[in-house]
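One file, work12.cif, is given below (mmCIF, C-alpha atoms and all ligand atoms).
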data_final
loop_
_atom_site.label_atom_id
_atom_site.label_comp_id
_atom_site.auth_asym_id
_atom_site.auth_seq_id
_atom_site.Cartn_x
_atom_site.Cartn_y
_atom_site.Cartn_z
CA MET A 28 93.60 70.29 114.38
CA ARG A 29 93.73 66.64 115.52
CA ARG A 30 90.46 66.27 113.68
CA PHE A 31 92.28 66.51 110.34
CA THR A 32 95.22 64.24 111.14
CA GLU A 33 92.74 61.60 112.31
CA ASP A 34 90.19 62.19 109.53
CA PRO A 35 90.27 59.18 107.11
CA ARG A 36 90.02 61.63 104.16
CA PHE A 37 93.56 62.74 104.99
CA SER A 38 95.08 59.34 105.78
CA GLY A 39 98.72 59.00 104.77
CA ILE A 40 99.41 62.74 104.72
CA ARG A 41 102.26 63.84 106.94
CA PRO A 42 102.62 67.40 108.25
CA PHE A 43 105.32 69.49 106.54
CA GLU A 44 108.43 69.41 108.68
CA LYS A 45 109.07 73.11 108.12
CA LYS A 46 106.10 75.43 107.91
CA ILE A 47 105.03 76.48 104.41
CA TRP A 48 104.32 80.19 104.63
CA LEU A 49 101.77 82.32 102.83
CA SER A 50 104.53 84.65 101.60
CA SER A 51 107.70 85.08 103.63
CA PRO A 52 110.87 87.08 102.94
CA THR A 53 113.38 85.45 100.56
CA MET A 54 116.92 86.68 101.17
CA HIS A 55 119.75 86.15 98.69
CA GLY A 56 122.88 87.41 100.46
CA ASP A 57 123.32 90.72 98.62
CA GLU A 58 121.14 92.30 101.32
CA GLN A 59 123.78 91.48 103.93
CA TYR A 60 126.46 93.18 101.84
CA TRP A 61 124.61 96.49 101.61
CA VAL A 62 123.51 96.44 105.26
CA ASP A 63 127.11 95.78 106.29
CA ASP A 64 128.21 98.59 103.98
CA ALA A 65 125.86 100.99 105.79
CA ILE A 66 127.16 99.91 109.18
CA LEU A 67 130.84 99.89 108.22
CA THR A 68 130.59 103.37 106.71
CA ASN A 69 128.50 104.55 109.68
CA TRP A 70 125.60 105.71 107.43
CA VAL A 71 122.91 103.95 109.47
CA SER A 72 120.27 106.65 109.77
CA THR A 73 117.97 108.30 107.21
CA VAL A 74 120.69 109.51 104.84
CA GLY A 75 123.09 107.41 102.78
CA ALA A 76 124.12 105.74 99.56
CA ASN A 77 121.64 102.86 99.86
CA ILE A 78 118.72 105.29 100.05
CA ASN A 79 119.95 107.30 97.07
CA GLU A 80 120.58 104.16 95.05
CA VAL A 81 117.22 102.45 95.72
CA GLU A 82 115.36 105.67 94.93
CA LYS A 83 117.20 105.85 91.61
CA GLN A 84 116.78 102.16 90.78
CA VAL A 85 113.09 102.02 91.64
CA ALA A 86 112.29 105.22 89.73
CA THR A 87 114.05 103.79 86.66
CA ARG A 88 112.43 100.37 86.99
CA ILE A 89 108.90 101.64 87.50
CA GLY A 90 109.20 104.50 85.03
CA VAL A 91 108.68 107.58 87.18
CA LYS A 92 110.91 110.61 87.60
CA TYR A 93 111.05 110.50 91.40
CA ALA A 94 110.86 107.82 94.10
CA VAL A 95 110.90 108.91 97.75
CA ALA A 96 112.00 106.19 100.18
CA LEU A 97 109.84 106.00 103.33
CA SER A 98 109.55 103.84 106.44
CA CYS A 99 106.64 101.80 105.08
CA GLY A 100 103.90 101.68 102.46
CA THR A 101 101.40 103.03 104.97
CA ALA A 102 103.54 106.16 105.39
CA ALA A 103 103.66 106.54 101.59
CA LEU A 104 99.88 106.21 101.41
CA HIS A 105 99.42 108.71 104.22
CA LEU A 106 101.57 111.35 102.57
CA ALA A 107 100.07 110.63 99.12
CA THR A 108 96.58 111.06 100.55
CA LYS A 109 97.57 114.22 102.42
CA LEU A 110 99.15 115.63 99.26
CA ALA A 111 95.94 114.95 97.34
CA GLY A 112 93.89 116.58 100.10
CA GLU A 113 96.10 119.65 100.12
CA LYS A 114 95.97 119.95 96.35
CA LEU A 115 92.17 119.71 96.35
CA TYR A 116 91.24 121.64 99.46
CA GLY A 117 94.28 123.64 100.55
CA GLN A 118 96.60 123.46 103.54
CA ALA A 119 94.83 122.39 106.72
CA ARG A 120 95.35 123.75 110.21
CA PRO A 121 97.90 121.67 112.18
CA ASN A 122 95.15 119.98 114.20
CA GLN A 123 92.97 119.13 111.20
CA GLY A 124 93.27 116.70 108.32
CA THR A 125 93.32 117.96 104.76
CA LEU A 126 90.20 115.93 103.92
CA GLN A 127 88.01 117.19 106.74
CA GLY A 128 84.40 117.39 105.58
CA HIS A 129 85.16 115.59 102.30
CA LYS A 130 84.21 112.18 100.98
CA VAL A 131 86.70 109.89 99.22
CA PHE A 132 85.91 106.87 97.02
CA CYS A 133 87.96 103.86 98.12
CA SER A 134 88.73 100.31 97.05
CA ASP A 135 86.68 97.99 99.26
CA MET A 136 88.58 94.71 98.92
CA THR A 137 92.00 95.70 100.11
CA PHE A 138 94.14 95.79 103.23
CA ASP A 139 93.00 98.59 105.52
CA ALA A 140 96.36 100.41 105.22
CA SER A 141 95.22 101.47 101.73
CA ILE A 142 92.39 103.56 103.03
CA ASN A 143 93.11 104.32 106.71
CA PRO A 144 95.01 107.46 105.62
CA VAL A 145 91.67 108.91 104.52
CA ALA A 146 90.68 108.75 108.19
CA TYR A 147 94.11 110.05 109.32
CA GLU A 148 93.31 113.11 107.19
CA ASP A 149 89.77 113.38 108.63
CA GLY A 150 88.10 112.33 105.37
CA ASP A 151 85.03 110.16 104.98
CA ALA A 152 85.74 106.92 103.07
CA ILE A 153 83.01 105.63 100.78
CA PHE A 154 83.64 102.06 99.69
CA ILE A 155 83.19 101.00 96.09
CA ASP A 156 82.23 97.39 95.38
CA THR A 157 84.48 94.94 93.58
CA GLU A 158 84.26 93.47 90.06
CA ARG A 159 84.66 89.77 89.33
CA ASP A 160 87.20 90.01 86.48
CA THR A 161 90.20 91.15 88.58
CA TRP A 162 88.76 91.41 92.14
CA ASN A 163 89.42 95.15 92.21
CA MET A 164 87.35 98.37 92.26
CA ASP A 165 84.38 98.05 89.90
CA PRO A 166 84.27 100.99 87.44
CA ALA A 167 80.49 100.52 87.07
CA ALA A 168 80.04 100.92 90.84
CA LEU A 169 82.38 103.94 90.74
CA GLU A 170 80.14 105.55 88.08
CA LYS A 171 77.17 104.93 90.36
CA ALA A 172 79.05 106.49 93.25
CA PHE A 173 79.59 109.70 91.26
CA GLU A 174 75.83 109.78 90.56
CA LEU A 175 75.18 109.60 94.31
CA TYR A 176 78.06 111.85 95.40
CA PRO A 177 78.95 114.16 92.48
CA ASP A 178 81.18 116.42 94.63
CA VAL A 179 83.81 113.75 95.36
CA ARG A 180 87.27 114.59 93.97
CA LEU A 181 89.51 111.79 95.24
CA ILE A 182 89.73 108.04 94.57
CA VAL A 183 92.02 105.59 96.40
CA VAL A 184 92.51 102.47 94.34
CA ALA A 185 94.52 99.30 95.11
CA HIS A 186 95.62 96.33 93.00
CA LEU A 187 94.67 93.28 95.07
CA TYR A 188 97.13 90.38 95.36
CA GLY A 189 99.32 91.82 92.59
CA THR A 190 96.60 91.87 89.93
CA PRO A 191 96.09 95.24 88.23
CA GLY A 192 92.53 96.55 88.35
CA LYS A 193 90.52 98.16 85.54
CA ILE A 194 92.55 101.32 85.66
CA GLU A 195 91.85 102.60 82.17
CA GLU A 196 88.13 102.80 82.94
CA ILE A 197 88.76 104.19 86.43
CA LYS A 198 91.05 106.90 85.05
CA ARG A 199 88.47 107.82 82.42
CA ILE A 200 85.77 108.19 85.09
CA ALA A 201 88.11 110.16 87.37
CA GLU A 202 88.96 112.54 84.53
CA ALA A 203 85.32 113.06 83.63
CA HIS A 204 84.64 114.13 87.23
CA GLY A 205 87.85 116.08 87.81
CA ALA A 206 88.97 113.61 90.50
CA LEU A 207 92.51 112.70 91.53
CA ILE A 208 93.73 109.13 92.09
CA VAL A 209 95.94 107.73 94.85
CA GLU A 210 97.27 104.41 93.58
CA ASP A 211 98.15 101.72 96.10
CA ALA A 212 100.55 99.36 94.32
CA ALA A 213 101.83 97.88 97.62
CA GLU A 214 100.97 94.34 96.57
CA SER A 215 101.63 94.72 92.84
CA LEU A 216 105.25 95.90 92.54
CA GLY A 217 106.52 94.80 89.14
CA ALA A 218 103.06 94.12 87.69
CA LYS A 219 102.33 95.66 84.30
CA TYR A 220 99.21 97.19 82.79
CA LYS A 221 98.37 98.14 79.22
CA LEU A 222 97.31 101.78 79.35
CA ASN A 223 96.17 103.28 76.04
CA GLY A 224 97.94 100.47 74.21
CA GLU A 225 101.26 100.78 76.07
CA TRP A 226 102.64 98.53 78.80
CA VAL A 227 103.42 100.47 81.97
CA GLU A 228 104.09 99.40 85.55
CA THR A 229 101.68 99.73 88.44
CA GLY A 230 102.94 102.59 90.58
CA THR A 231 102.67 104.98 87.61
CA LEU A 232 98.92 104.88 87.20
CA GLY A 233 97.61 107.41 89.71
CA ASP A 234 98.30 111.07 90.44
CA TYR A 235 100.06 109.89 93.62
CA ASN A 236 101.51 106.38 93.73
CA CYS A 237 102.73 104.09 96.51
CA ILE A 238 104.59 100.79 96.92
CA SER A 239 105.59 98.69 99.94
CA PHE A 240 108.62 96.62 100.95
CA ASN A 241 106.82 94.95 103.87
CA GLY A 242 108.17 91.53 104.85
CA ASN A 243 105.45 89.62 103.02
CA LYS A 244 105.69 91.51 99.71
CA ILE A 245 107.19 90.35 96.40
CA ILE A 246 110.52 91.86 97.50
CA THR A 247 111.18 93.27 100.94
CA GLY A 248 113.37 95.68 102.84
CA SER A 249 112.19 93.96 106.07
CA ALA A 250 110.03 97.10 106.05
CA GLY A 251 109.86 100.24 103.92
CA GLY A 252 107.81 101.82 101.18
CA MET A 253 108.01 104.50 98.53
CA PHE A 254 106.08 107.41 97.13
CA LEU A 255 106.37 107.58 93.33
CA THR A 256 105.72 110.62 91.17
CA ASP A 257 106.74 112.61 88.09
CA SER A 258 106.34 115.87 89.99
CA GLU A 259 109.50 117.31 91.52
CA ALA A 260 107.45 119.56 93.79
CA ASP A 261 105.43 116.61 95.13
CA ALA A 262 108.59 114.54 95.68
CA ASN A 263 110.20 117.43 97.58
CA LYS A 264 107.08 117.98 99.67
CA VAL A 265 106.86 114.31 100.67
CA ARG A 266 110.57 114.25 101.48
CA LYS A 267 110.11 117.33 103.67
CA TRP A 268 107.02 116.03 105.46
CA SER A 269 108.72 112.65 106.04
CA THR A 270 111.64 114.30 107.86
CA GLN A 271 109.65 116.40 110.35
CA SER A 272 108.96 119.32 107.99
CA ARG A 273 112.03 121.34 108.87
CA GLU A 274 112.38 124.75 107.26
CA ALA A 275 115.66 126.21 105.99
CA ALA A 276 116.67 127.89 109.25
CA PRO A 277 119.62 127.37 111.64
CA TRP A 278 117.23 126.13 114.35
CA TYR A 279 114.23 123.79 114.27
CA GLN A 280 111.69 125.90 112.45
CA HIS A 281 108.31 124.52 111.39
CA GLU A 282 105.57 125.96 109.21
CA GLU A 283 103.66 122.74 108.73
CA ILE A 284 103.10 119.44 110.51
CA GLY A 285 105.83 116.87 110.05
CA TYR A 286 106.32 113.12 110.34
CA ASN A 287 109.19 110.75 111.00
CA TYR A 288 108.54 108.61 107.94
CA ARG A 289 111.88 108.48 106.10
CA MET A 290 113.47 105.13 105.22
CA SER A 291 116.70 104.27 107.06
CA ASN A 292 119.87 103.49 105.12
CA ILE A 293 119.89 100.01 106.74
CA ILE A 294 116.41 99.17 105.42
CA ALA A 295 117.46 100.63 102.08
CA GLY A 296 120.40 98.21 102.10
CA VAL A 297 118.01 95.27 102.28
CA VAL A 298 115.90 96.78 99.47
CA ARG A 299 119.06 97.35 97.41
CA GLY A 300 120.00 93.70 97.82
CA GLN A 301 116.52 92.54 96.83
CA LEU A 302 115.89 94.70 93.76
CA PRO A 303 117.93 92.53 91.35
CA TYR A 304 115.65 89.61 92.28
CA LEU A 305 112.30 91.26 91.59
CA ASN A 306 111.85 89.65 88.17
CA GLY A 307 113.00 86.29 89.51
CA HIS A 308 110.48 86.41 92.34
CA ILE A 309 107.69 87.30 89.91
CA ALA A 310 108.63 84.31 87.72
CA GLN A 311 108.55 82.01 90.77
CA LYS A 312 105.16 83.36 91.89
CA LYS A 313 103.79 82.96 88.37
CA ALA A 314 104.93 79.33 88.29
CA ILE A 315 103.19 78.78 91.65
CA TYR A 316 99.96 80.29 90.29
CA GLU A 317 100.10 78.12 87.18
CA ARG A 318 100.82 74.96 89.16
CA TYR A 319 97.79 75.61 91.39
CA LYS A 320 95.67 76.38 88.33
CA ALA A 321 96.58 73.06 86.68
CA GLY A 322 96.47 71.07 89.92
CA LEU A 323 93.05 72.35 90.97
CA ALA A 324 91.49 72.27 87.48
CA ASP A 325 89.39 69.17 88.25
CA LEU A 326 87.83 70.72 91.37
CA PRO A 327 84.79 73.04 91.51
CA VAL A 328 87.05 76.06 92.14
CA LYS A 329 88.63 78.90 90.14
CA MET A 330 91.86 80.83 90.59
CA ASN A 331 91.88 84.58 91.28
CA PRO A 332 91.26 86.04 87.80
CA PHE A 333 93.18 88.61 85.75
CA ASP A 334 92.83 90.23 82.35
CA ALA A 335 95.59 88.61 80.27
CA GLU A 336 95.25 91.15 77.46
CA LYS A 337 95.55 94.23 79.62
CA SER A 338 97.69 93.11 82.52
CA GLN A 339 100.69 91.09 83.65
CA PRO A 340 100.18 90.52 87.39
CA ASN A 341 103.14 89.91 89.68
CA PHE A 342 101.21 86.89 91.05
CA TRP A 343 102.10 87.89 94.61
CA LEU A 344 99.38 85.69 96.12
CA SER A 345 97.62 82.76 94.49
CA CYS A 346 93.99 82.52 95.56
CA MET A 347 91.02 80.34 94.76
CA ILE A 348 87.27 80.72 94.96
CA ILE A 349 84.87 77.80 95.44
CA ASP A 350 81.91 77.47 93.06
CA GLU A 351 78.67 78.38 94.82
CA ASP A 352 77.16 74.90 94.44
CA ALA A 353 80.30 73.30 95.93
CA MET A 354 80.24 75.43 99.10
CA ALA A 355 79.73 73.41 102.27
CA PRO A 356 77.89 75.26 105.06
CA MET A 357 80.16 77.78 106.81
CA VAL A 358 79.35 80.76 109.01
CA ARG A 359 81.64 83.43 110.35
CA GLY A 360 81.09 85.62 113.38
CA GLU A 361 83.28 88.60 114.17
CA LYS A 362 86.20 86.46 115.32
CA ASP A 363 85.09 82.84 115.19
CA TYR A 364 83.61 80.46 112.67
CA LEU A 365 81.82 77.14 112.18
CA TYR A 366 81.56 74.79 109.23
CA THR A 367 80.52 71.26 108.43
CA SER A 368 82.04 68.78 106.00
CA VAL A 369 79.88 67.60 103.10
CA PRO A 370 81.02 65.01 100.51
CA GLY A 371 81.94 66.72 97.23
CA LYS A 372 81.95 70.16 98.87
CA SER A 373 84.18 72.25 101.07
CA SER A 374 84.58 75.77 102.47
CA PRO A 375 87.43 78.26 102.82
CA MET A 376 87.70 77.76 106.58
CA GLU A 377 87.80 73.97 106.25
CA ILE A 378 90.58 74.19 103.64
CA LEU A 379 92.53 76.74 105.69
CA ASP A 380 92.23 74.57 108.82
CA ALA A 381 93.24 71.44 106.89
CA MET A 382 96.31 73.16 105.45
CA LEU A 383 97.25 74.50 108.87
CA ALA A 384 96.86 71.04 110.44
CA PHE A 385 99.59 69.88 108.03
CA ASN A 386 101.73 72.98 108.71
CA ALA A 387 100.92 75.19 105.70
CA GLU A 388 99.70 78.76 106.01
CA GLY A 389 96.87 80.13 103.90
CA ARG A 390 94.65 83.10 104.74
CA PRO A 391 91.06 84.19 104.26
CA ILE A 392 90.48 86.71 101.48
CA TRP A 393 91.03 90.25 102.85
CA LYS A 394 87.72 91.06 104.53
CA PRO A 395 86.12 93.94 102.62
CA MET A 396 86.33 97.33 104.27
CA HIS A 397 82.56 97.91 104.25
CA MET A 398 82.22 94.79 106.45
CA GLN A 399 84.87 95.87 108.96
CA PRO A 400 83.46 96.95 112.35
CA ILE A 401 85.43 100.19 112.18
CA TYR A 402 83.95 101.18 108.80
CA ARG A 403 80.50 99.64 109.10
CA ASN A 404 78.79 103.03 109.29
CA HIS A 405 80.50 104.26 106.12
CA ALA A 406 78.68 104.32 102.79
CA PHE A 407 79.14 101.41 100.38
CA VAL A 408 78.23 101.65 96.70
CA THR A 409 77.55 98.70 94.37
CA VAL A 410 76.59 98.62 90.68
CA GLU A 411 73.03 99.14 91.88
CA GLY A 412 73.78 102.27 93.93
CA ASN A 413 73.62 102.44 97.72
CA GLY A 414 74.74 99.00 98.86
CA ARG A 415 73.63 99.48 102.44
CA ALA A 416 69.87 99.69 102.11
CA ARG A 417 68.56 97.58 99.27
CA SER A 418 65.91 95.50 101.00
CA ASN A 419 62.98 95.94 103.33
CA ALA A 420 60.66 93.62 105.25
CA TYR A 421 58.75 92.91 102.05
CA ILE A 422 61.41 93.12 99.31
CA ALA A 423 64.41 90.80 99.47
CA GLY A 424 66.64 92.95 97.25
CA SER A 425 69.22 91.53 94.83
CA GLY A 426 71.83 91.03 97.55
CA ILE A 427 74.57 92.21 95.17
CA ASP A 428 77.76 92.57 97.19
CA VAL A 429 80.62 91.14 95.17
CA GLY A 430 83.25 91.75 97.86
CA ALA A 431 81.26 89.88 100.51
CA ASP A 432 80.76 86.99 98.10
CA ILE A 433 84.47 86.68 97.23
CA PHE A 434 85.31 86.91 100.94
CA ARG A 435 82.82 84.14 101.70
CA ARG A 436 83.91 81.71 98.98
CA GLY A 437 87.58 82.58 98.47
CA LEU A 438 90.90 82.00 100.20
CA CYS A 439 94.59 82.81 99.75
CA LEU A 440 96.78 79.78 99.14
CA PRO A 441 100.33 79.25 100.43
CA SER A 442 102.32 81.30 97.88
CA ASP A 443 105.82 81.32 99.27
CA ASN A 444 108.44 81.35 96.53
CA LYS A 445 110.63 78.96 98.51
CA MET A 446 107.94 76.26 98.37
CA THR A 447 109.08 73.32 96.21
CA PRO A 448 106.87 71.86 93.47
CA GLU A 449 106.57 68.68 95.57
CA GLN A 450 105.41 70.65 98.60
CA GLN A 451 102.92 72.52 96.44
CA ASP A 452 101.62 69.22 95.06
CA ALA A 453 101.08 68.03 98.64
CA ILE A 454 99.02 71.18 99.32
CA ILE A 455 97.02 70.57 96.16
CA ASP A 456 96.42 67.02 97.43
CA ILE A 457 95.16 68.32 100.79
CA ILE A 458 92.73 70.63 98.99
CA HIS A 459 91.44 67.72 96.90
CA ARG A 460 90.82 65.68 100.02
CA CYS A 461 88.78 68.49 101.54
CA PHE A 462 86.30 67.96 98.69
CA GLN A 463 86.08 64.18 99.22
C1 LIG A 501 97.27 96.81 99.73
C2 LIG A 501 98.23 97.24 100.79
N1 LIG A 501 98.36 98.55 101.03
C3 LIG A 501 99.21 98.99 101.97
C4 LIG A 501 99.97 98.14 102.71
C5 LIG A 501 100.85 98.70 103.77
O1 LIG A 501 102.19 98.59 103.51
P1 LIG A 501 103.24 98.60 104.73
O2 LIG A 501 103.06 97.33 105.48
O3 LIG A 501 104.56 98.70 104.05
O4 LIG A 501 102.95 99.79 105.56
C6 LIG A 501 99.85 96.75 102.50
C7 LIG A 501 100.60 95.72 103.22
O5 LIG A 501 101.23 95.74 104.15
C8 LIG A 501 98.96 96.30 101.51
O6 LIG A 501 98.81 95.00 101.28
#
Can the structure in the file be given as structure tokens, please?
Amino acid sequence: MRRFTEDPRFSGIRPFEKKIWLSSPTMHGDEQYWVDDAILTNWVSTVGANINEVEKQVATRIGVKYAVALSCGTAALHLATKLAGEKLYGQARPNQGTLQGHKVFCSDMTFDASINPVAYEDGDAIFIDTERDTWNMDPAALEKAFELYPDVRLIVVAHLYGTPGKIEEIKRIAEAHGALIVEDAAESLGAKYKLNGEWVETGTLGDYNCISFNGNKIITGSAGGMFLTDSEADANKVRKWSTQSREAAPWYQHEEIGYNYRMSNIIAGVVRGQLPYLNGHIAQKKAIYERYKAGLADLPVKMNPFDAEKSQPNFWLSCMIIDEDAMAPMVRGEKDYLYTSVPGKSSPMEILDAMLAFNAEGRPIWKPMHMQPIYRNHAFVTVEGNGRARSNAYIAGSGIDVGADIFRRGLCLPSDNKMTPEQQDAIIDIIHRCFQ
């Protein structure tokens, strides 16, 4: 890190006194009131007014009939995926997942919590490459995947960084193949999408929908998540599973496997305090995105894209991608990396290191699932078909792998909504100097 503070390109820049975070919780005070209310009324466990209220408020805001409050987004995704598996393939034995022996098409550029539940349920994730217009699942690659694996009946799709994906196309393809959709809206709470000409919120777009209140999200409960649905039966089932699957008997009676996944009334208090600020946070994040866009316009980089006609992102994270011809050499191993500085060029790791040297936190683009050691032996489908075996000793192949390319050239910028315009300008300045 001393390298940057002593590098003449960065002369005159002083480290931020307080760290600028990628995306940290922003409390407003109301949270304290509702947490105190839970404690003072002694409703501190998994029942209480805060839980009831946040379920009602979120269902109304998002536009679904039922919201089930859970301990985290991952729990919501697990139960959504299990519900889909049970609907498609029936109830599994207690020691087996509902997806055993079945393949599932999954977003590739996402956080692994989106798709790990496929493995929890013993399914076989097949990763679908990413498109360049929104950095989400590519419908053309999904079509190809159905050509290769026509029996698949489940798709898990996420909206990366708060930008809705091409859901209309994905829904059309799913319908044509009789497939269900699990929607992961963990990062996109409050984002809108124009479906068949009407604006609707993410979290309503799949057959089973999930959101997260993790500490880094657009609003937070410190933790927490929700399952969203219009089906009363599905809501009841998730509520039952999340509270250890107790039957209506005087003693502990169980006919199916249960989980301890319910949200606590304390967490719900934090969520309750945050909900009035959702729109405000989105406005702040949008202003951050636009300031980066204007401030970086003279550099050989682009912001993470979205479809302005069909979507209103929540702008959770601002990201940038470096033009190919402005990429300085950079290599990444499994856990380490190397790069060199070249005048007029830079690389994601150089920019991330430079920002960190001055006390600002960015992050590499989420490493695609098909590149993760744990999922490296899983199938990966691009617009060309099988993305794993497209070359031989004599044929180079096209090398199409959009996710790997965005991972290589992109990075997430500090997007904390408490960052001041002046601090953001200083970050923009640091990025400029990386290209000197
Ligand atoms: C896309 C995505 N899905 C799922 C999750 C998991 O949510 P949680 O942390 O609430 O379990 C996260 C983030 O944490 C996420 O970014």
Quick one: pull the distance between CA of Lys46 (chain A) and CA of Ser442 (chain A), Å, one decimal.
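Rounded to one decimal, the two atoms are 12.2 Å apart.
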Could you please determine the separation between CA of Ile455 (chain A) and CA of Pro340 (chain A) in Å, to one decimal place?
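Computed distance, CA of Ile455 (chain A) to CA of Pro340 (chain A), equals 22.0 Å.
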Cut-off 10 Å: closest chain A/ligand LIG 501 (chain A) atom pairs per residue, using only C-alpha atoms and all ligand atoms, as a Markdown table:
| residue | atom | partner | partner_atom | distance |
| --- | --- | --- | --- | --- |
| A:Leu97 | CA | A:LIG501 | O3 | 9.0 |
| A:Ser98 | CA | A:LIG501 | O3 | 7.6 |
| A:Cys99 | CA | A:LIG501 | O3 | 3.9 |
| A:Gly100 | CA | A:LIG501 | O3 | 3.4 |
| A:Thr101 | CA | A:LIG501 | O4 | 3.6 |
| A:Ala102 | CA | A:LIG501 | O4 | 6.4 |
| A:Ala103 | CA | A:LIG501 | O4 | 7.9 |
| A:Leu104 | CA | A:LIG501 | C3 | 7.3 |
| A:His105 | CA | A:LIG501 | O4 | 9.7 |
| A:Ser134 | CA | A:LIG501 | C1 | 9.6 |
| A:Met136 | CA | A:LIG501 | C1 | 9.0 |
| A:Thr137 | CA | A:LIG501 | C1 | 5.4 |
| A:Phe138 | CA | A:LIG501 | C1 | 4.8 |
| A:Asp139 | CA | A:LIG501 | N1 | 7.0 |
| A:Ala140 | CA | A:LIG501 | C3 | 4.5 |
| A:Ser141 | CA | A:LIG501 | N1 | 4.3 |
| A:Ile142 | CA | A:LIG501 | N1 | 8.0 |
| A:Asn143 | CA | A:LIG501 | C3 | 9.4 |
| A:Val184 | CA | A:LIG501 | C1 | 9.2 |
| A:Ala185 | CA | A:LIG501 | C1 | 5.9 |
| A:His186 | CA | A:LIG501 | C1 | 6.9 |
| A:Leu187 | CA | A:LIG501 | C1 | 6.4 |
| A:Tyr188 | CA | A:LIG501 | O6 | 7.7 |
| A:Gly189 | CA | A:LIG501 | C1 | 8.9 |
| A:Glu210 | CA | A:LIG501 | N1 | 9.5 |
| A:Asp211 | CA | A:LIG501 | N1 | 5.9 |
| A:Ala212 | CA | A:LIG501 | C1 | 6.8 |
| A:Ala213 | CA | A:LIG501 | C2 | 4.8 |
| A:Glu214 | CA | A:LIG501 | O6 | 5.2 |
| A:Ser215 | CA | A:LIG501 | C1 | 8.4 |
| A:Cys237 | CA | A:LIG501 | C3 | 8.3 |
| A:Ile238 | CA | A:LIG501 | O1 | 7.4 |
| A:Ser239 | CA | A:LIG501 | O3 | 4.2 |
| A:Phe240 | CA | A:LIG501 | O3 | 5.5 |
| A:Asn241 | CA | A:LIG501 | O3 | 4.4 |
| A:Gly242 | CA | A:LIG501 | O2 | 7.8 |
| A:Asn243 | CA | A:LIG501 | O5 | 7.5 |
| A:Lys244 | CA | A:LIG501 | C7 | 7.5 |
| A:Thr247 | CA | A:LIG501 | O3 | 9.1 |
| A:Gly248 | CA | A:LIG501 | O3 | 9.4 |
| A:Ser249 | CA | A:LIG501 | O3 | 9.2 |
| A:Ala250 | CA | A:LIG501 | O3 | 6.0 |
| A:Gly251 | CA | A:LIG501 | O3 | 5.5 |
| A:Gly252 | CA | A:LIG501 | O3 | 5.3 |
| A:Met253 | CA | A:LIG501 | O3 | 8.7 |
| A:Trp393 | CA | A:LIG501 | O6 | 9.2 |
One decimal, in Å: what's the spacing between CA of Asn444 (chain A) and CA of Pro332 (chain A)?
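The value is 19.8 Å.
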Mind checking which residues fall within 10 Å of Val358 (chain A), counting only C-alpha atoms, ignoring those fewer than 2 positions away in the same chain, and posting them as a PyMOL selection string?
chain A and resi 355-356+360+363-367+374+376+435
Would you export the selected residues with C-alpha atoms as a tab-separated table (two decimals), keeping the file's coordinate frame, please?
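Printed below is part24.tsv as written:
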chain	number	residue	atom	x	y	z
A	355	ALA	CA	79.73	73.41	102.27
A	356	PRO	CA	77.89	75.26	105.06
A	360	GLY	CA	81.09	85.62	113.38
A	363	ASP	CA	85.09	82.84	115.19
A	364	TYR	CA	83.61	80.46	112.67
A	365	LEU	CA	81.82	77.14	112.18
A	366	TYR	CA	81.56	74.79	109.23
A	367	THR	CA	80.52	71.26	108.43
A	374	SER	CA	84.58	75.77	102.47
A	376	MET	CA	87.70	77.76	106.58
A	435	ARG	CA	82.82	84.14	101.70
Pick out the residues sitting within 9 Å of Tyr304 (chain A), and hand them over as number ranges by chain; count only C-alpha atoms, and ignore anything fewer than 4 positions along from it in its own chain.
A: 55, 246, 300, 308-309
Calculated over only C-alpha atoms, which of the candidates A:Ile155, A:Met354, A:Ala201, A:Leu126 has the smallest distance to Gly430 (chain A)?
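Using only C-alpha atoms, Gly430 (chain A) sits closest to A:Ile155.
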If we count all atoms listed in the file, what is near region 311-318 of chain A at a cut-off of 12 Å, once residues fewer than 6 positions away on the same chain are taken out, given as an MDAnalysis selection string?
chainID A and resid 49:50 53 188:190 215 217:218 244:246 304:305 324 329:333 339:347 439:455
Between A:His281, A:Arg159, A:Lys337, A:Arg289, which one has atoms that come closest to Val74 (chain A), using all atoms listed in the file?
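Comparing A:His281, A:Arg159, A:Lys337, A:Arg289 against Val74 (chain A), the winner is A:Arg289.
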Report as a compact mmCIF listing (two decimals) with C-alpha atoms, keeping the file's coordinate frame all protein, DNA and RNA residues lying within 10 Å of Gly205 (chain A), evaluated on all atoms listed in the file, omitting residues in the same chain fewer than 5 positions from it.
# COMPACT_ATOMS: atom_id res chain seq x y z
CA ASP A 178 81.18 116.42 94.63
CA VAL A 179 83.81 113.75 95.36
CA ARG A 180 87.27 114.59 93.97
CA LEU A 181 89.51 111.79 95.24
CA ARG A 199 88.47 107.82 82.42
CA ILE A 200 85.77 108.19 85.09
Which residue out of A:Asp160, A:Asp334, A:Asp63, A:Asp151 has the minimum interatomic distance to Val183 (chain A) when only C-alpha atoms are used?
A:Asp151
Point out the residue among A:His204, A:Lys372, A:Lys171, A:Arg273 with the least atom-to-atom distance to Glu411 (chain A), counting only C-alpha atoms.
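With only C-alpha atoms as the atom set, the closest residue is A:Lys171.
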Please write as a ChimeraX atom specification the list of polymer residues whose atoms come within 10 Å of (80.9, 105.7, 95.4), counting all atoms listed in the file and keeping to the coordinates of the file.
/A:130-134,152-156,166-177,179,182,406-410,412-414
Between A:Trp48, A:Phe385, A:Trp226, A:Trp268, which residue has the minimum interatomic distance to Glu282 (chain A), considering only C-alpha atoms?
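When distances to Glu282 (chain A) are compared using only C-alpha atoms, the smallest one comes from A:Trp268.
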